[in-house]
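See structure below.
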Amino acid sequence: MFPDLIYRLRAIFRRNQMEAELDEEVRFHFENQVKANRREGMSRREATRRARLSFGGVEEVKEECRDARGVSFLETTFLDLRYAVRSLCQNPGFTAVVVVSLALGIGANTAVFSVVNAILLRPLPYEDPERIVLIQSTDTQSGQLRSRPAADYQAFEEENQVFERIAYWINTDFIVKNDGGAQLIDGQTVSASLFSVLGVQPMLGRNFLPEDANDPAAPAVILSYRLWERLFEKDPNAIGKNLRINLENATVVGVMPPGFFFANEKALIWVAGRIGPGPYIREATARLKPGVSIEQAQVAMETLAARRAQEYPETSGDLGVKISPLHDASFTGAPLRERLFIFSCAVGFVLLIACANVAGLLLVRSSSRRKEMATRLALGAGRWRLVRQLLTESTLLAMAGGALGVALAYGGLKVLLAFNPDNHQFGGRFFPRMNEAGIDGEVLGYALLISLLTGLVAGIAPAFKGSKHNLSEASRGTTPDSGQQRSSSLLVVAQVALALVLLIGAGLMINSFVRLQSVDVGFNPDDVLTFRLNLRQREWANHPESFGEAGQYNGKSRLTDYYQQVLERVRAVPGVESAAGIGFLPLSHRTSNSFVGVDGRPPTPMKGVEGLEMLVRHNRVMGDFFQTLGIPLLRGRDFTSQDSAEAQGVVIISEGMARRYWPDQDPIGRQLVLQRRGAAAGRPLQVVGVVGDIHQWNLQ
């Protein structure tokens with residue numbers, strides 16, 4: 001095979017030398033035949049005549065030799081390419097229009113494929129990722145995701161027979177202090193087995209050990225590459241150094257490689273700790289034992305979940321379990337698949353429109369080449385030979401468009417990365433793992449493949465129409481016949497149809513975007529500044545001296561006094577009209593949820609749309625909150641400086657809650673009770689006011 005390839009390459013790049021060798025070879029065989037005839041007693045003239053009769057035409061023999069060795073196909077392909085280049089260079093305007101049209105379609109598809117490849121197709125950057133699963137807790141009735149006590153996951157880890165290890169985590173933030181001062185850093189409290197489950201190793205230092213989770217006084221921490229760079233300026237001697245984490249001494253034991261993240265792209269630090277029985281956890285991750293399937297793991301975990309439900313009906317009685325591959329559960333959820341499907345369809349229509357445009361241009365161009373095609377047919381060229389020539393030209397145009405499209409895709413990716421907003425989902429981004437998208441070998445291979453297909457799709461119809469001529473047409477004008485007119489009309493119809501689909505889809509998406517932008521969120525965000533103030537009560541109690549002036553406010557009630565003094569100082573800042581505090585900002589995708597009981601009824605789960613449990617979202621506020629955000633007070637009164645959840649037990653509700661629980665009645669003076677899942681019901685709270693509805697979770 002290899003010698004044949006060399007021979008064929010020589011036939012292309014050393015054509016004259018190969019032709020000379022072929023002439024010599026044919027002459028050698030002819031002379032041998034003449035000599036054989038002379039040995040049979042023929043004269044020289046007769047021997048030569050008989051040799052020519054048996055040998056056939058010399059040129060025909062040469063052509064057969066070229067075909068037998070594959071030289072003819074390569075040679076004619078090379079000649080077709082050379083002719084196509086010359087022909088297209090003679091029409092620079094036509095060539096530029098076609099190349100740019102195809103570059104837009106191919107570039108858009110290449111950019112989107114690079115995103116799809118990074119998010120959906122590329123395996124997770126962990127060891128044997130197909131064996132890593134996500135364990136999620138679900139409501140046994142609705143199937144919705146729920147949180148379950150951390151003690152359940154600890155029991156799963158101890159009693160299961162299908163996983164090598166189970167790890168769980170809680171997204172949190174930490175007060176990290178070193179010589180550069182204190183910073184509030186997003187991170188995760190993780191079980192010591194997390195990185196072992198993932199099969200990843202730190203770039204520097206070591207992994208967590210089981211004993212690291214049992215020393216809360218001096219926890220072990222692993223830093224991300226970015227935090228290591230920020231705090232220690234990439235000092236390799238950072239391993240073993242101390243940090244102050246939430247006012248406790250912590251030891252740096254490792255640094256993860258650049259780009260690593262798990263469950264939250266914002267996490268910059270991982271703290272080993274045994275998560276106690278108090279917190280509720282929604283999901284955990286585990287590594288399957290060799291030979292165990294996901295179906296087997298599902299059955300085994302359902303058995304353990306049923307056992308926990310029987311033993312602890314109050315906290316786990318209505319909880320099931322769901323096992324999913326980590327990649328599918330994390331990155332190919334329905335919302336994400338829908339987003340990528342919309343993007344892929346949109347750019348697919350763009351490419352189809354480009355193909356229709358190019359096909360129309362090629363069809364028009366073939367009309368001006370009718371004499372050329374008819375003449376070539378008259379000189380002996382077969383129709384398939386002309387089709388191949390025309391397809392070579394369309395493919396060459398598509399390859400040029402693909403090369404330009406890759407450059408456009410490179411720039412387009414930078415735009416997509418710049419507009420990839422946070423959304424607090426798994427991965428923390430609108431498109432998780434999108435930062436891994438780039439122009440690599442796989443993307444270049446896709447661009448090459450789609451360019452070849454585009455050249456064939458755009459050129460197949462014009463090629464067959466352009467090769468359908470006869471000798472009598474050589475003397476005619478260039479007016480298209482009825483068949484070409486029908487083809488042009490069909491292409492125009494296809495272009496209009498595809499463009500309408502794309503425009504309708506774009507119009508609907510723009511309409512949705514405009515509607516989201518025009519949503520009345522219920523408050524006025526103009527000229528409102530926000531900041532986070534994180535004072536941890538446990539650390540405060542253990543180290544009051546570390547909080548400076550705030551250290552004297554140890555205790556929950558006195559903590560409220562401290563916040564009140566902060567608000568008073570903020571109000572004194574020049575230019576500040578009002579100031580307030582809130583637990584979770586509106587549109588932050590965060591809130592507190594509780595069951596509610598009204599007018600003496602105990603809190604019970606209500607069934608809403610599709611039978612799902614309805615919980616009340618609530619927030620703690622301080623200061624002039626409704627005034628600061630411009631939320632209208634519809635009924636009753638606002639909070640006063642004497643009001644406090646601990647002292648007076650008063651609440652202000654939204655207009656929507658008033659309609660739900662007290663339709664056509666005055667809610668002022670009524671009482672309600674809030675109860676978190678798995679906790680005791682709180683004391684009665686009196687409604688003192690009603691305010692307008694706001695969007696707390698998102699614009700939808």
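In the structure tokens, the first chain shown is A, the next is B, and so on; residue numbers restart at 1 for each chain, and ligands run from 1 in the order shown.
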Shell of 8 Å around Ala272 of chain A, only C-alpha atoms, local chain residues under 5 positions omitted, as an mmCIF file with N, CA and C atoms, in the first residue's frame:
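Wrote it out as part_11.cif, contents follow:
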data_model
loop_
_atom_site.group_PDB
_atom_site.id
_atom_site.type_symbol
_atom_site.label_atom_id
_atom_site.label_comp_id
_atom_site.auth_asym_id
_atom_site.auth_seq_id
_atom_site.Cartn_x
_atom_site.Cartn_y
_atom_site.Cartn_z
ATOM 1 N N THR A 189 -17.600 22.717 51.588
ATOM 2 C CA THR A 189 -17.245 21.776 52.645
ATOM 3 C C THR A 189 -17.520 20.378 52.104
ATOM 4 N N VAL A 190 -16.505 19.536 52.070
ATOM 5 C CA VAL A 190 -16.613 18.250 51.383
ATOM 6 C C VAL A 190 -16.192 17.127 52.308
ATOM 7 N N SER A 191 -16.701 15.947 52.021
ATOM 8 C CA SER A 191 -16.203 14.766 52.712
ATOM 9 C C SER A 191 -14.818 14.430 52.166
ATOM 10 N N ALA A 192 -14.010 13.806 52.989
ATOM 11 C CA ALA A 192 -12.618 13.560 52.616
ATOM 12 C C ALA A 192 -12.481 12.668 51.386
ATOM 13 N N PHE A 208 -7.089 14.718 50.339
ATOM 14 C CA PHE A 208 -7.602 14.621 51.702
ATOM 15 C C PHE A 208 -7.459 13.198 52.211
ATOM 16 N N ASP A 212 -8.559 13.857 58.110
ATOM 17 C CA ASP A 212 -8.693 15.305 57.927
ATOM 18 C C ASP A 212 -10.093 15.793 58.268
ATOM 19 N N ALA A 213 -11.091 14.937 58.076
ATOM 20 C CA ALA A 213 -12.478 15.341 58.332
ATOM 21 C C ALA A 213 -12.853 15.267 59.801
ATOM 22 N N PRO A 219 -8.801 22.335 60.353
ATOM 23 C CA PRO A 219 -9.177 21.610 59.134
ATOM 24 C C PRO A 219 -8.094 21.685 58.070
ATOM 25 N N ALA A 220 -8.103 20.672 57.207
ATOM 26 C CA ALA A 220 -7.225 20.653 56.039
ATOM 27 C C ALA A 220 -7.980 21.265 54.868
ATOM 28 N N VAL A 221 -7.271 22.038 54.065
ATOM 29 C CA VAL A 221 -7.908 22.699 52.930
ATOM 30 C C VAL A 221 -7.082 22.449 51.676
#
May I have all residues of segment 54-197 of chain A that DSSP, computed from the backbone, assigns to strand (DSSP E or B), given as a ChimeraX atom specification? /A:132-139,145-146,148-149,163-178,181-190
Could those residues be written to a file, using N, CA and C atoms, as an mmCIF file, in the first residue's frame?
data_model
loop_
_atom_site.group_PDB
_atom_site.id
_atom_site.type_symbol
_atom_site.label_atom_id
_atom_site.label_comp_id
_atom_site.auth_asym_id
_atom_site.auth_seq_id
_atom_site.Cartn_x
_atom_site.Cartn_y
_atom_site.Cartn_z
ATOM 1 N N ILE A 132 -18.890 7.190 37.587
ATOM 2 C CA ILE A 132 -19.267 8.175 38.603
ATOM 3 C C ILE A 132 -20.737 8.533 38.414
ATOM 4 N N VAL A 133 -21.493 8.465 39.499
ATOM 5 C CA VAL A 133 -22.934 8.733 39.430
ATOM 6 C C VAL A 133 -23.291 9.836 40.409
ATOM 7 N N LEU A 134 -24.465 10.393 40.185
ATOM 8 C CA LEU A 134 -25.026 11.393 41.082
ATOM 9 C C LEU A 134 -26.195 10.754 41.823
ATOM 10 N N ILE A 135 -26.196 10.873 43.144
ATOM 11 C CA ILE A 135 -27.280 10.362 43.987
ATOM 12 C C ILE A 135 -28.137 11.546 44.399
ATOM 13 N N GLN A 136 -29.402 11.537 43.996
ATOM 14 C CA GLN A 136 -30.302 12.639 44.308
ATOM 15 C C GLN A 136 -31.511 12.120 45.080
ATOM 16 N N SER A 137 -32.014 12.947 45.969
ATOM 17 C CA SER A 137 -33.204 12.604 46.736
ATOM 18 C C SER A 137 -34.421 13.204 46.051
ATOM 19 N N THR A 138 -35.490 12.441 46.001
ATOM 20 C CA THR A 138 -36.702 12.874 45.306
ATOM 21 C C THR A 138 -37.920 12.688 46.205
ATOM 22 N N ASP A 139 -38.951 13.435 45.900
ATOM 23 C CA ASP A 139 -40.233 13.264 46.570
ATOM 24 C C ASP A 139 -40.914 12.026 45.987
ATOM 25 N N LEU A 145 -37.001 16.989 43.031
ATOM 26 C CA LEU A 145 -35.807 16.863 43.858
ATOM 27 C C LEU A 145 -36.062 17.460 45.233
ATOM 28 N N ARG A 146 -35.568 16.782 46.249
ATOM 29 C CA ARG A 146 -35.720 17.219 47.634
ATOM 30 C C ARG A 146 -34.390 17.058 48.342
ATOM 31 N N ARG A 148 -32.389 15.800 51.822
ATOM 32 C CA ARG A 148 -32.562 14.833 52.893
ATOM 33 C C ARG A 148 -31.449 15.037 53.906
ATOM 34 N N PRO A 149 -31.652 14.562 55.139
ATOM 35 C CA PRO A 149 -30.635 14.760 56.178
ATOM 36 C C PRO A 149 -29.295 14.152 55.766
ATOM 37 N N PHE A 163 -21.282 0.732 45.713
ATOM 38 C CA PHE A 163 -20.352 1.827 45.465
ATOM 39 C C PHE A 163 -19.034 1.583 46.175
ATOM 40 N N GLU A 164 -17.959 1.991 45.527
ATOM 41 C CA GLU A 164 -16.669 1.964 46.201
ATOM 42 C C GLU A 164 -16.616 3.021 47.304
ATOM 43 N N ARG A 165 -17.081 4.218 46.965
ATOM 44 C CA ARG A 165 -17.098 5.325 47.924
ATOM 45 C C ARG A 165 -18.259 6.251 47.576
ATOM 46 N N ILE A 166 -18.747 6.948 48.591
ATOM 47 C CA ILE A 166 -19.755 7.989 48.416
ATOM 48 C C ILE A 166 -19.196 9.273 49.010
ATOM 49 N N ALA A 167 -19.402 10.365 48.327
ATOM 50 C CA ALA A 167 -18.934 11.662 48.819
ATOM 51 C C ALA A 167 -20.069 12.661 48.721
ATOM 52 N N TYR A 168 -20.095 13.617 49.631
ATOM 53 C CA TYR A 168 -21.116 14.644 49.616
ATOM 54 C C TYR A 168 -20.458 15.977 49.933
ATOM 55 N N TRP A 169 -21.164 17.036 49.617
ATOM 56 C CA TRP A 169 -20.586 18.365 49.746
ATOM 57 C C TRP A 169 -21.686 19.373 50.027
ATOM 58 N N ILE A 170 -21.283 20.526 50.522
ATOM 59 C CA ILE A 170 -22.189 21.653 50.725
ATOM 60 C C ILE A 170 -21.500 22.894 50.189
ATOM 61 N N ASN A 171 -22.137 23.593 49.264
ATOM 62 C CA ASN A 171 -21.604 24.856 48.777
ATOM 63 C C ASN A 171 -21.741 25.908 49.864
ATOM 64 N N THR A 172 -20.673 26.592 50.163
ATOM 65 C CA THR A 172 -20.692 27.605 51.215
ATOM 66 C C THR A 172 -19.636 28.647 50.894
ATOM 67 N N ASP A 173 -19.515 29.614 51.750
ATOM 68 C CA ASP A 173 -18.440 30.595 51.600
ATOM 69 C C ASP A 173 -17.659 30.648 52.905
ATOM 70 N N PHE A 174 -16.418 31.067 52.796
ATOM 71 C CA PHE A 174 -15.508 31.060 53.933
ATOM 72 C C PHE A 174 -14.842 32.423 54.057
ATOM 73 N N ILE A 175 -14.602 32.812 55.303
ATOM 74 C CA ILE A 175 -13.783 33.988 55.560
ATOM 75 C C ILE A 175 -12.331 33.520 55.590
ATOM 76 N N VAL A 176 -11.583 33.870 54.579
ATOM 77 C CA VAL A 176 -10.187 33.440 54.437
ATOM 78 C C VAL A 176 -9.290 34.631 54.714
ATOM 79 N N LYS A 177 -8.367 34.449 55.630
ATOM 80 C CA LYS A 177 -7.492 35.547 56.030
ATOM 81 C C LYS A 177 -6.042 35.101 55.978
ATOM 82 N N ASN A 178 -5.222 35.932 55.333
ATOM 83 C CA ASN A 178 -3.777 35.734 55.380
ATOM 84 C C ASN A 178 -3.143 37.107 55.511
ATOM 85 N N GLY A 181 -4.993 40.261 54.230
ATOM 86 C CA GLY A 181 -6.280 40.674 54.764
ATOM 87 C C GLY A 181 -7.318 39.585 54.621
ATOM 88 N N ALA A 182 -8.549 39.874 55.040
ATOM 89 C CA ALA A 182 -9.641 38.901 55.011
ATOM 90 C C ALA A 182 -10.441 39.039 53.723
ATOM 91 N N GLN A 183 -10.875 37.890 53.200
ATOM 92 C CA GLN A 183 -11.684 37.853 51.985
ATOM 93 C C GLN A 183 -12.812 36.850 52.190
ATOM 94 N N LEU A 184 -13.937 37.108 51.540
ATOM 95 C CA LEU A 184 -15.048 36.168 51.543
ATOM 96 C C LEU A 184 -14.945 35.337 50.272
ATOM 97 N N ILE A 185 -14.668 34.032 50.405
ATOM 98 C CA ILE A 185 -14.341 33.162 49.281
ATOM 99 C C ILE A 185 -15.412 32.086 49.135
ATOM 100 N N ASP A 186 -15.928 31.908 47.918
ATOM 101 C CA ASP A 186 -16.841 30.798 47.646
ATOM 102 C C ASP A 186 -16.071 29.482 47.688
ATOM 103 N N GLY A 187 -16.656 28.495 48.333
ATOM 104 C CA GLY A 187 -15.988 27.204 48.423
ATOM 105 C C GLY A 187 -16.978 26.096 48.723
ATOM 106 N N GLN A 188 -16.451 24.963 49.145
ATOM 107 C CA GLN A 188 -17.277 23.800 49.455
ATOM 108 C C GLN A 188 -16.709 23.083 50.667
ATOM 109 N N THR A 189 -17.600 22.717 51.588
ATOM 110 C CA THR A 189 -17.245 21.776 52.645
ATOM 111 C C THR A 189 -17.520 20.378 52.104
ATOM 112 N N VAL A 190 -16.505 19.536 52.070
ATOM 113 C CA VAL A 190 -16.613 18.250 51.383
ATOM 114 C C VAL A 190 -16.192 17.127 52.308
#
Using the chain letters and numbers from this document, which residues of segment 268-398 of chain A does DSSP assign to helix (DSSP H, G or I), as an mmCIF file with C-alpha atoms, in the first residue's frame?
data_model
loop_
_atom_site.group_PDB
_atom_site.id
_atom_site.type_symbol
_atom_site.label_atom_id
_atom_site.label_comp_id
_atom_site.auth_asym_id
_atom_site.auth_seq_id
_atom_site.Cartn_x
_atom_site.Cartn_y
_atom_site.Cartn_z
ATOM 1 C CA ILE A 294 -26.622 1.945 37.213
ATOM 2 C CA GLU A 295 -29.793 -0.143 37.234
ATOM 3 C CA GLN A 296 -28.357 -2.415 39.937
ATOM 4 C CA ALA A 297 -27.272 0.605 41.953
ATOM 5 C CA GLN A 298 -30.771 2.103 41.628
ATOM 6 C CA VAL A 299 -32.415 -1.035 43.035
ATOM 7 C CA ALA A 300 -29.920 -1.272 45.895
ATOM 8 C CA MET A 301 -30.289 2.371 46.873
ATOM 9 C CA GLU A 302 -34.078 2.211 46.726
ATOM 10 C CA THR A 303 -33.894 -0.574 49.306
ATOM 11 C CA LEU A 304 -31.694 1.543 51.592
ATOM 12 C CA ALA A 305 -33.935 4.596 51.122
ATOM 13 C CA ALA A 306 -37.027 2.552 52.034
ATOM 14 C CA ARG A 307 -35.269 1.317 55.166
ATOM 15 C CA ARG A 308 -34.413 4.893 56.212
ATOM 16 C CA ALA A 309 -38.023 5.928 55.541
ATOM 17 C CA GLN A 310 -39.269 3.247 57.945
ATOM 18 C CA GLU A 311 -36.726 4.101 60.636
ATOM 19 C CA PRO A 313 -40.543 8.641 58.975
ATOM 20 C CA GLU A 314 -40.545 12.275 60.127
ATOM 21 C CA THR A 315 -37.470 13.310 58.131
ATOM 22 C CA SER A 316 -37.164 10.613 55.451
ATOM 23 C CA LEU A 326 -22.815 12.268 36.676
ATOM 24 C CA HIS A 327 -22.358 13.649 33.162
ATOM 25 C CA ASP A 328 -26.023 13.231 32.201
ATOM 26 C CA ALA A 329 -27.395 14.525 35.492
ATOM 27 C CA SER A 330 -25.031 17.488 35.618
ATOM 28 C CA PHE A 331 -24.731 18.754 32.065
ATOM 29 C CA ALA A 334 -33.696 19.196 29.870
ATOM 30 C CA PRO A 335 -33.222 23.008 30.071
ATOM 31 C CA LEU A 336 -29.636 22.746 28.862
ATOM 32 C CA ARG A 337 -30.522 20.361 26.045
ATOM 33 C CA GLU A 338 -33.300 22.716 24.967
ATOM 34 C CA ARG A 339 -30.913 25.681 24.857
ATOM 35 C CA LEU A 340 -28.353 23.821 22.794
ATOM 36 C CA PHE A 341 -31.049 22.399 20.522
ATOM 37 C CA ILE A 342 -32.366 25.906 19.809
ATOM 38 C CA PHE A 343 -28.883 27.207 19.084
ATOM 39 C CA SER A 344 -28.051 24.237 16.857
ATOM 40 C CA CYS A 345 -31.294 24.514 14.880
ATOM 41 C CA ALA A 346 -30.814 28.248 14.375
ATOM 42 C CA VAL A 347 -27.304 27.938 12.970
ATOM 43 C CA GLY A 348 -28.370 24.865 10.984
ATOM 44 C CA PHE A 349 -31.004 26.938 9.206
ATOM 45 C CA VAL A 350 -28.394 29.617 8.543
ATOM 46 C CA LEU A 351 -26.188 27.027 6.827
ATOM 47 C CA LEU A 352 -29.105 25.623 4.817
ATOM 48 C CA ILE A 353 -29.960 29.119 3.616
ATOM 49 C CA ALA A 354 -26.325 29.646 2.647
ATOM 50 C CA CYS A 355 -26.375 26.354 0.713
ATOM 51 C CA ALA A 356 -29.530 27.445 -1.136
ATOM 52 C CA ASN A 357 -27.951 30.809 -1.942
ATOM 53 C CA VAL A 358 -24.784 29.192 -3.251
ATOM 54 C CA ALA A 359 -26.753 26.609 -5.234
ATOM 55 C CA GLY A 360 -28.672 29.418 -6.920
ATOM 56 C CA LEU A 361 -25.469 31.264 -7.750
ATOM 57 C CA LEU A 362 -23.856 28.108 -9.136
ATOM 58 C CA LEU A 363 -26.938 27.373 -11.213
ATOM 59 C CA VAL A 364 -26.837 30.865 -12.717
ATOM 60 C CA ARG A 365 -23.122 30.486 -13.371
ATOM 61 C CA SER A 366 -23.684 27.148 -15.117
ATOM 62 C CA SER A 367 -26.001 28.908 -17.560
ATOM 63 C CA ARG A 370 -23.380 26.026 -21.447
ATOM 64 C CA LYS A 371 -21.155 26.387 -24.502
ATOM 65 C CA GLU A 372 -18.134 25.219 -22.532
ATOM 66 C CA MET A 373 -19.942 22.148 -21.178
ATOM 67 C CA ALA A 374 -21.434 21.238 -24.575
ATOM 68 C CA THR A 375 -18.027 21.560 -26.232
ATOM 69 C CA ARG A 376 -16.393 19.320 -23.653
ATOM 70 C CA LEU A 377 -19.127 16.749 -24.181
ATOM 71 C CA ALA A 378 -18.492 16.919 -27.918
ATOM 72 C CA ARG A 383 -21.386 13.454 -18.183
ATOM 73 C CA TRP A 384 -20.034 12.040 -14.917
ATOM 74 C CA ARG A 385 -16.696 13.615 -15.763
ATOM 75 C CA LEU A 386 -18.374 17.026 -15.993
ATOM 76 C CA VAL A 387 -20.332 16.423 -12.793
ATOM 77 C CA ARG A 388 -17.093 15.658 -11.013
ATOM 78 C CA GLN A 389 -15.503 18.820 -12.326
ATOM 79 C CA LEU A 390 -18.413 20.981 -11.156
ATOM 80 C CA LEU A 391 -18.535 19.282 -7.746
ATOM 81 C CA THR A 392 -14.804 19.888 -7.415
ATOM 82 C CA GLU A 393 -15.444 23.610 -7.892
ATOM 83 C CA SER A 394 -18.281 23.715 -5.325
ATOM 84 C CA THR A 395 -16.223 21.694 -2.837
ATOM 85 C CA LEU A 396 -13.247 24.005 -3.306
ATOM 86 C CA LEU A 397 -15.508 26.980 -2.595
ATOM 87 C CA ALA A 398 -16.867 25.241 0.515
#
Skip segment 41-52 of chain A itself and residues of its chain fewer than 6 positions away, then list as a PyMOL selection string all residues within 7 Å of it, counting only C-alpha atoms. chain A and resi 30+33-34
Determine the nearest neighbour of Glu211 of chain A from the options A:Ser87, A:Thr454, A:Ser193, A:Ser142, counting only C-alpha atoms.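 Answer, going by the shortest atom-to-atom distance: A:Ser193.
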Using only C-alpha atoms, which of A:Arg637, A:Arg287, A:Arg617, A:Arg27 sits nearest Phe195 of chain A? A:Arg287
How far is it from atom CA of Val197 of chain A to atom CA of Leu288 of chain A, in Å with one decimal?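 Those two atoms sit 9.2 Å apart.
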